[in-house]
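The structure appears right after this line, and notes come after that.
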Amino acid sequence: MASRIYTWLDSRLRLKSLEKTLLDEPIPGGASWNYVFGSATLFLFVLQAITGIFLAVYYVPSPDHAYDTVQYIQHEVWFGWFVRGLHHWGASGVMLAIGLHMLQVFFDGAYKPPREMMWMVGVVLFLIMMGFGFTGYLLPWDQNAYWATQVGINMAGAVPLVGDFVLHVLRGGETLGALTLSRFFAIHVLMLPAIIVIGIALHLFILRRVGPAGPWDEERAKQGSETFYPRQVYMDAVVMLGVFVALVILAATIEFPLADKADPSDNSFVPVPEWYFLFYYQLLKYFHGPFAPLAIWIFPSIFFLGLFLLPFIDRHPERRVSRRPVTLGAGFVFLLGMFVLLGISLNDLYAVPKTDPSVIRGQELVAQHSCKTCHRIHGEGAAIAPDLSFVADRRPDREWHLRHFRDPKSVSPGSFMPKFPLDDQEVTDLTNYILTLKSGT
Amino acid sequence: MSDPDLHSPNKSSGGFSTPVGTRRSFFQWVTGGIAAIIGLGMAFPLAAYFVSPAFNRRKPSWVPVGKVDDLPVGSPKVLDYSMKVKDGWMETKAVKAVWAIRHSDNDVTVFSPICPHLGCGFRWNQQDAQFQCPCHGSVYDLSGKVLGGPAPRPLDALPSKIENGELQVLYKEFQSGLSIQKEL
């Protein structure tokens with residue numbers, strides 16, 4: 001039956017020749033697991049589009065409702081956790097897939113002639129994807145979303161000449177608020193999708209016009225080609241299934257942490273960016289005063305300009321890894337720097353000094369006395385009293401903390417923190433723990 | 001001249017190392033299987049997600065609507081009361097009204113204020129001792145029985161009880177226009 005319908009349609013729409021065009025693309029050197037990253041990226045993008053469309057069924061882009069609607073989706077709508085979880089983890093997945101895809105193309109020298117345009121369109125797609133990440137991050141309207149976006153917008157404002165203009169346009173109003181949220185929503189769900197679809201089409205069109213690069217190893221390339229279907233399609237499908245299963249497991253097992261509802265009056269909140277921005281977040285800490293613009297916009301601008309123009313900077317047509325020490329060396333140094341910064345940042349954020357038992361006892365006391373009912377430490381707890389994530393940076397004075405724990409009002413008049421019944425040992429333990437809460441440990 | 005058939009390995013115009021025969025069909029089956037798993041894995045949750053509110057009914061709860069002693073015996077009275085209504089992620093206060101008829105001391109009937117014909121609000125005509133709907137002319141007696149007009153069923157009685165002299169109602173809404181009572 002199905003084949004009869006197909007034949008009927010084919011005789012009118014000439015589907016078979018289309019099928020042939022789509023599936024019989026020759027792959028030089030044969031199918032390979034190295035070539036799955038582009039398809040994985042596309043698959044993740046489609047998943048984002050589908051889950052995004054469905055999130056819009058319940059989401060409302062207004063400060064009055066945004067946070068409540070996200071809670072509603074997560075906790076009351078059937079499979080709300082699934083749709084939202086997939087969209088959240090898929091966002092990370094897309095970044096990871098793009099990173100791997102670009103690394104593979106970079107390592108293989110596949111950006112070299114005649115594929116320069118494919119690479120350049122790809123870099124633009126990457127930038128658009130980051131735009132999706134930036135605008136999407138604000139939409140849940142929790143503390144993290146609000147304050148991280150505040151930081152992002154202010155960074156744009158630091159660019160000379162155009163910065164102030166860009167800042168005001170991004171923010172929409174005088175402060176980050178309803179106008180910002182509604183324009184970020186429109187950008188995220190209407191404008192960027194329209195642009196990126198054109199970009200993806202162009203990327204694929206160029207791919208089909210110039211063909212895949214194949215292996216740089218001439219021996220392997222000489223072994224002849226095979227068609228895209230069925231083996232490369234099979235490999236792509238296997239990877240897509242792996243990606244899908246991984247996302248479902250993440251969505252099902254890790255409930256996405258929604259911080260408290262955004263509170264524009266709470267200046268003590270310290271936002272932590274997504275993991276893929278952590279290295280950059282760490283970099284920002286090292287450039288002070290007159291050097292700050294280096295990290296805020298000069299390095300990123302140079303990086304993306306360099307990335308965009310890579311095929312014209314590295315002009316030699318040689319693709320063999322052994323003959324491209326400078327380019328690959330530069331790439332390696334960048335990756336090394338990125339991972340070192342990521343490591344330092346993760347260590348700052350999550351590592352707890354496990355050597356000093358007093359510190360551990362202090363940390364247990366924090367849980368025991370429910371300090372996080374009022375204080376927030378690294379994104380956990382309420383934002384009623386000051387955020388303690390990096391309290392030791394502000395108050396490194398041991399004596400002050402000892403006195404403060406014995407009687408908060410003695411050093412901080414007007415404080416509404418209660419006087420907890422603590423003995424001397426507990427006061428010491430708590431102080432030791434508090435003093436570990438600083439950046440750069 | 002026809003194009004070579006892709007599904008037939010013998011006629012495949014594939015590249016040099018393109019798999020043929022049973023190897024080819026293995027790849028086809030796995031690819032198809034994965035497409036089905038992902039497709040169904042998305043389709044079912046997304047469909048459930050979309051239809052969810054239509055099946056996620058709120059549970060009605062008993063709401064106090066007034067003192068029994070304030071009701072006159074034998075003549076219906078409208079009782080207004082406010083209740084919290086959950087509307088998705090929002091909770092709003094809604095003012096609802098019901099008709100209460102006190103037959104004797106502790107014997108009270110409560111009617112939904114919505115005409116079972118097409119959902120208008122009906123009134124009590126003291127002179128004729130009838131409930132009359134101004135929209136399409138349905139007429140009911142004190143017990144809710146249809147006396148005339150297009151109404152397909154009697155007035156909808158709501159579950160009610162009396163606790164400590166207070167009348168409580170389980171507010172429900174029913175679909176209009178049907179000869180049977182169907183809760184919304």
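Within each chain, counting starts at residue 1; across the structure tokens, chains are named A, B, ... in the order shown, with ligands numbered 1 upward in that order.
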- Test item: chain A residues at most 8 Å from chain B, counting only C-alpha atoms, as JSON, numbers by chain: {"A": [16, 17, 20, 24, 26, 30, 54, 57, 65, 68, 69, 72, 77, 78, 79, 80, 82, 83, 224, 225, 226, 227, 230, 231, 233, 234, 237, 238, 241, 244]}
Go ahead and save the residues from that selection, with N, CA and C atoms, as a compact mmCIF listing (two decimals), in the first residue's frame.
# COMPACT_ATOMS: atom_id res chain seq x y z
N LYS A 16 11.79 10.13 -6.66
CA LYS A 16 12.97 9.25 -6.66
C LYS A 16 14.24 10.02 -6.99
N SER A 17 14.12 10.97 -7.92
CA SER A 17 15.33 11.71 -8.25
C SER A 17 15.74 12.62 -7.10
N LYS A 20 17.39 10.48 -4.59
CA LYS A 20 18.74 10.18 -5.05
C LYS A 20 19.68 11.37 -4.75
N ASP A 24 22.37 10.11 -2.18
CA ASP A 24 23.51 9.53 -2.88
C ASP A 24 24.72 10.45 -2.96
N PRO A 26 28.15 11.60 -2.63
CA PRO A 26 29.34 10.77 -2.37
C PRO A 26 30.18 11.34 -1.22
N GLY A 30 34.79 7.43 2.29
CA GLY A 30 33.80 6.60 2.97
C GLY A 30 33.24 7.22 4.22
N PHE A 54 6.71 23.98 21.91
CA PHE A 54 5.78 23.46 22.90
C PHE A 54 5.85 24.23 24.22
N VAL A 57 3.52 27.09 24.52
CA VAL A 57 2.11 26.84 24.78
C VAL A 57 1.71 27.39 26.15
N HIS A 65 4.35 36.87 35.23
CA HIS A 65 3.95 35.47 35.05
C HIS A 65 5.06 34.51 34.65
N ASP A 68 6.20 31.96 37.23
CA ASP A 68 5.10 31.05 37.60
C ASP A 68 4.78 30.07 36.47
N THR A 69 4.85 30.56 35.24
CA THR A 69 4.52 29.64 34.14
C THR A 69 5.59 28.55 34.00
N TYR A 72 4.88 26.13 36.59
CA TYR A 72 3.69 25.40 36.20
C TYR A 72 4.03 24.30 35.19
N VAL A 77 2.15 20.47 34.32
CA VAL A 77 1.79 19.99 32.98
C VAL A 77 2.36 18.59 32.79
N TRP A 78 1.57 17.72 32.21
CA TRP A 78 2.06 16.37 31.93
C TRP A 78 3.30 16.46 31.04
N PHE A 79 4.34 15.76 31.42
CA PHE A 79 5.60 15.75 30.67
C PHE A 79 6.22 17.15 30.54
N GLY A 80 5.78 18.06 31.41
CA GLY A 80 6.39 19.39 31.40
C GLY A 80 7.88 19.31 31.71
N PHE A 82 9.74 16.95 31.00
CA PHE A 82 10.39 16.35 29.83
C PHE A 82 10.70 17.44 28.78
N VAL A 83 9.68 18.23 28.47
CA VAL A 83 9.84 19.26 27.43
C VAL A 83 10.84 20.33 27.89
N GLY A 224 38.53 5.53 -2.39
CA GLY A 224 37.25 5.71 -3.07
C GLY A 224 36.17 6.18 -2.14
N SER A 225 35.02 6.51 -2.72
CA SER A 225 33.97 7.10 -1.90
C SER A 225 32.81 6.12 -1.72
N GLU A 226 31.93 6.47 -0.81
CA GLU A 226 30.66 5.74 -0.71
C GLU A 226 29.56 6.77 -0.55
N THR A 227 28.32 6.31 -0.76
CA THR A 227 27.22 7.28 -0.70
C THR A 227 26.85 7.59 0.75
N PRO A 230 23.58 4.18 2.83
CA PRO A 230 22.96 4.09 4.16
C PRO A 230 23.94 4.21 5.33
N ARG A 231 25.26 4.08 5.11
CA ARG A 231 26.12 3.89 6.27
C ARG A 231 26.31 5.18 7.07
N VAL A 233 24.26 7.73 7.15
CA VAL A 233 22.96 8.02 7.75
C VAL A 233 22.78 7.16 9.00
N TYR A 234 23.20 5.90 8.90
CA TYR A 234 23.12 4.98 10.05
C TYR A 234 23.97 5.50 11.21
N ALA A 237 22.37 8.44 12.73
CA ALA A 237 21.17 8.04 13.50
C ALA A 237 21.57 7.47 14.85
N VAL A 238 22.62 6.65 14.87
CA VAL A 238 23.06 6.06 16.13
C VAL A 238 23.46 7.17 17.12
N LEU A 241 20.42 8.97 18.42
CA LEU A 241 19.74 8.21 19.47
C LEU A 241 20.48 8.37 20.79
N PHE A 244 19.74 11.75 22.17
CA PHE A 244 18.35 11.81 22.64
C PHE A 244 18.22 11.11 24.00
- Message: For Thr327 of chain A, find every residue with an atom within 12 Å (counting only C-alpha atoms), except residues of its own chain fewer than 6 positions away, and show them as a PyMOL selection string.
- Response: chain A and resi 106-109+306-307+310-311+313-316+318-321+333-334
- Can you pull out every residue within 7 Å of segment 60-70 of chain B, counting only C-alpha atoms, but drop anything in the same chain fewer than 6 positions away, and send it as an MDAnalysis selection string? chainID B and resid 79 81 165:171
Prev. selection, C-alpha atoms, output as a PDB file, in the first residue's frame:
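What ended up in again26.pdb:
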ATOM      1  CA  LEU B  79     -26.493  33.613  47.388  1.00  0.00           C
ATOM      2  CA  TYR B  81     -20.001  34.129  47.470  1.00  0.00           C
ATOM      3  CA  GLY B 165     -26.017  26.281  60.637  1.00  0.00           C
ATOM      4  CA  GLU B 166     -23.936  27.134  57.578  1.00  0.00           C
ATOM      5  CA  LEU B 167     -24.904  26.088  54.082  1.00  0.00           C
ATOM      6  CA  GLN B 168     -22.035  24.595  52.078  1.00  0.00           C
ATOM      7  CA  VAL B 169     -22.007  23.888  48.367  1.00  0.00           C
ATOM      8  CA  LEU B 170     -19.858  21.822  46.055  1.00  0.00           C
ATOM      9  CA  TYR B 171     -19.742  24.143  43.090  1.00  0.00           C
TER      10      TYR B 171
END
Expected answer as a compact mmCIF listing (two decimals) with N, CA and C atoms, in the first residue's frame: alpha helix (DSSP H) residues in segment 6-113 of chain B:
# COMPACT_ATOMS: atom_id res chain seq x y z
N GLY B 21 23.47 -5.57 -0.28
CA GLY B 21 22.90 -6.82 0.22
C GLY B 21 22.47 -6.75 1.66
N THR B 22 22.73 -7.80 2.44
CA THR B 22 22.24 -7.84 3.81
C THR B 22 22.87 -6.78 4.68
N ARG B 23 24.13 -6.39 4.39
CA ARG B 23 24.75 -5.32 5.17
C ARG B 23 23.96 -4.03 4.98
N ARG B 24 23.56 -3.80 3.74
CA ARG B 24 22.80 -2.59 3.44
C ARG B 24 21.47 -2.60 4.19
N SER B 25 20.79 -3.75 4.15
CA SER B 25 19.49 -3.76 4.82
C SER B 25 19.64 -3.66 6.34
N PHE B 26 20.77 -4.12 6.90
CA PHE B 26 21.01 -3.95 8.33
C PHE B 26 21.02 -2.45 8.68
N PHE B 27 21.78 -1.68 7.90
CA PHE B 27 21.86 -0.23 8.16
C PHE B 27 20.49 0.42 8.01
N GLN B 28 19.74 -0.04 7.01
CA GLN B 28 18.41 0.52 6.79
C GLN B 28 17.50 0.26 7.98
N TRP B 29 17.54 -0.99 8.46
CA TRP B 29 16.66 -1.35 9.58
C TRP B 29 17.02 -0.58 10.84
N VAL B 30 18.31 -0.47 11.13
CA VAL B 30 18.72 0.24 12.34
C VAL B 30 18.30 1.71 12.25
N THR B 31 18.55 2.31 11.08
CA THR B 31 18.18 3.72 10.89
C THR B 31 16.68 3.91 11.08
N GLY B 32 15.90 3.02 10.45
CA GLY B 32 14.44 3.11 10.58
C GLY B 32 14.00 2.93 12.02
N GLY B 33 14.61 1.97 12.71
CA GLY B 33 14.27 1.70 14.10
C GLY B 33 14.54 2.91 14.98
N ILE B 34 15.69 3.54 14.76
CA ILE B 34 16.05 4.71 15.57
C ILE B 34 15.08 5.86 15.29
N ALA B 35 14.75 6.04 14.02
CA ALA B 35 13.79 7.10 13.66
C ALA B 35 12.47 6.86 14.39
N ALA B 36 12.04 5.59 14.46
CA ALA B 36 10.78 5.27 15.13
C ALA B 36 10.88 5.54 16.64
N ILE B 37 12.00 5.15 17.24
CA ILE B 37 12.16 5.34 18.69
C ILE B 37 12.11 6.83 19.03
N ILE B 38 12.92 7.62 18.31
CA ILE B 38 12.96 9.06 18.60
C ILE B 38 11.61 9.70 18.28
N GLY B 39 11.02 9.29 17.16
CA GLY B 39 9.74 9.87 16.75
C GLY B 39 8.65 9.63 17.79
N LEU B 40 8.51 8.36 18.21
CA LEU B 40 7.50 8.05 19.21
C LEU B 40 7.88 8.63 20.57
N GLY B 41 9.18 8.61 20.85
CA GLY B 41 9.67 9.15 22.12
C GLY B 41 9.37 10.63 22.26
N MET B 42 9.25 11.32 21.16
CA MET B 42 8.88 12.73 21.20
C MET B 42 7.36 12.89 21.09
N ALA B 43 6.76 12.14 20.17
CA ALA B 43 5.34 12.36 19.85
C ALA B 43 4.44 12.14 21.07
N PHE B 44 4.68 11.05 21.81
CA PHE B 44 3.78 10.75 22.92
C PHE B 44 3.86 11.82 24.03
N PRO B 45 5.07 12.12 24.54
CA PRO B 45 5.12 13.16 25.58
C PRO B 45 4.59 14.52 25.11
N LEU B 46 4.90 14.88 23.86
CA LEU B 46 4.45 16.20 23.38
C LEU B 46 2.93 16.26 23.25
N ALA B 47 2.33 15.15 22.80
CA ALA B 47 0.87 15.14 22.69
C ALA B 47 0.26 15.25 24.08
N ALA B 48 0.80 14.48 25.05
CA ALA B 48 0.28 14.53 26.42
C ALA B 48 0.46 15.94 26.99
N TYR B 49 1.62 16.52 26.73
CA TYR B 49 1.94 17.87 27.21
C TYR B 49 0.91 18.87 26.71
N PHE B 50 0.56 18.72 25.44
CA PHE B 50 -0.35 19.69 24.82
C PHE B 50 -1.78 19.56 25.34
N VAL B 51 -2.23 18.31 25.50
CA VAL B 51 -3.63 18.13 25.91
C VAL B 51 -3.81 18.19 27.43
N SER B 52 -2.70 18.18 28.17
CA SER B 52 -2.73 18.07 29.63
C SER B 52 -3.82 18.87 30.35
N PRO B 53 -3.95 20.18 30.13
CA PRO B 53 -4.93 20.93 30.93
C PRO B 53 -6.36 20.49 30.70
N ALA B 54 -6.63 19.91 29.51
CA ALA B 54 -7.99 19.48 29.20
C ALA B 54 -8.41 18.31 30.08
N PHE B 55 -7.43 17.58 30.60
CA PHE B 55 -7.77 16.41 31.41
C PHE B 55 -7.42 16.59 32.87
- Message: For a quick check of understanding, using only C-alpha atoms, which of B:Leu142, B:Leu155, B:Ala94, B:Ala129 has the smallest distance to Pro116 of chain B?
- Response: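 Using only C-alpha atoms, the shortest distance to Pro116 of chain B belongs to B:Leu155.
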- Item | Neighbour list for Glu183 of chain B as JSON, numbers by chain, cut-off 7 Å, only C-alpha atoms, skip fewer than 5 positions in-chain | {"B": [173, 174, 175]}
- Length of the atom CA of Phe304 of chain A to atom CA of Ala201 of chain A vector [Å]: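 Atom CA of Phe304 of chain A sits 21.8 Å away from atom CA of Ala201 of chain A.
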- Excluding segment 374-380 of chain A and any residue of its chain fewer than 5 positions from it, enumerate the residues within 7 Å of it, using only C-alpha atoms, and give them as a VMD selection string. chain A and resid 349 385 to 389
- Query: Which residues come within 12 Å of Leu192 of chain A, counting only C-alpha atoms, excluding same-chain residues fewer than 6 positions away, as a ChimeraX atom specification?
  - Reply: /A:49,124-136,183-186,198-200
- Task: State, in Å with one decimal place, the distance from atom CA of Thr92 of chain B to atom CA of Ala259 of chain A.
- Result: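 About the pair atom CA of Thr92 of chain B and atom CA of Ala259 of chain A: they are 25.0 Å apart.
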- Item | Residues near Trp99 of chain B, cut-off 10 Å, only C-alpha atoms, skip fewer than 5 positions along chain, as a count of residues only | 16
- Item | All strand (DSSP E or B) residues (DSSP, backbone) inside segment 9-169 of chain B, as a ChimeraX atom specification | /B:62-67,73,77-87,90-104,107-111,114,121,123-125,130-132,139-140,146-148,157,160-163,166-169
- Quick one: pull the distance between atom CA of Tyr59 of chain A and atom CA of Met240 of chain A, Å, one decimal.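 If I compute the distance from atom CA of Tyr59 of chain A to atom CA of Met240 of chain A, I get 27.6 Å.
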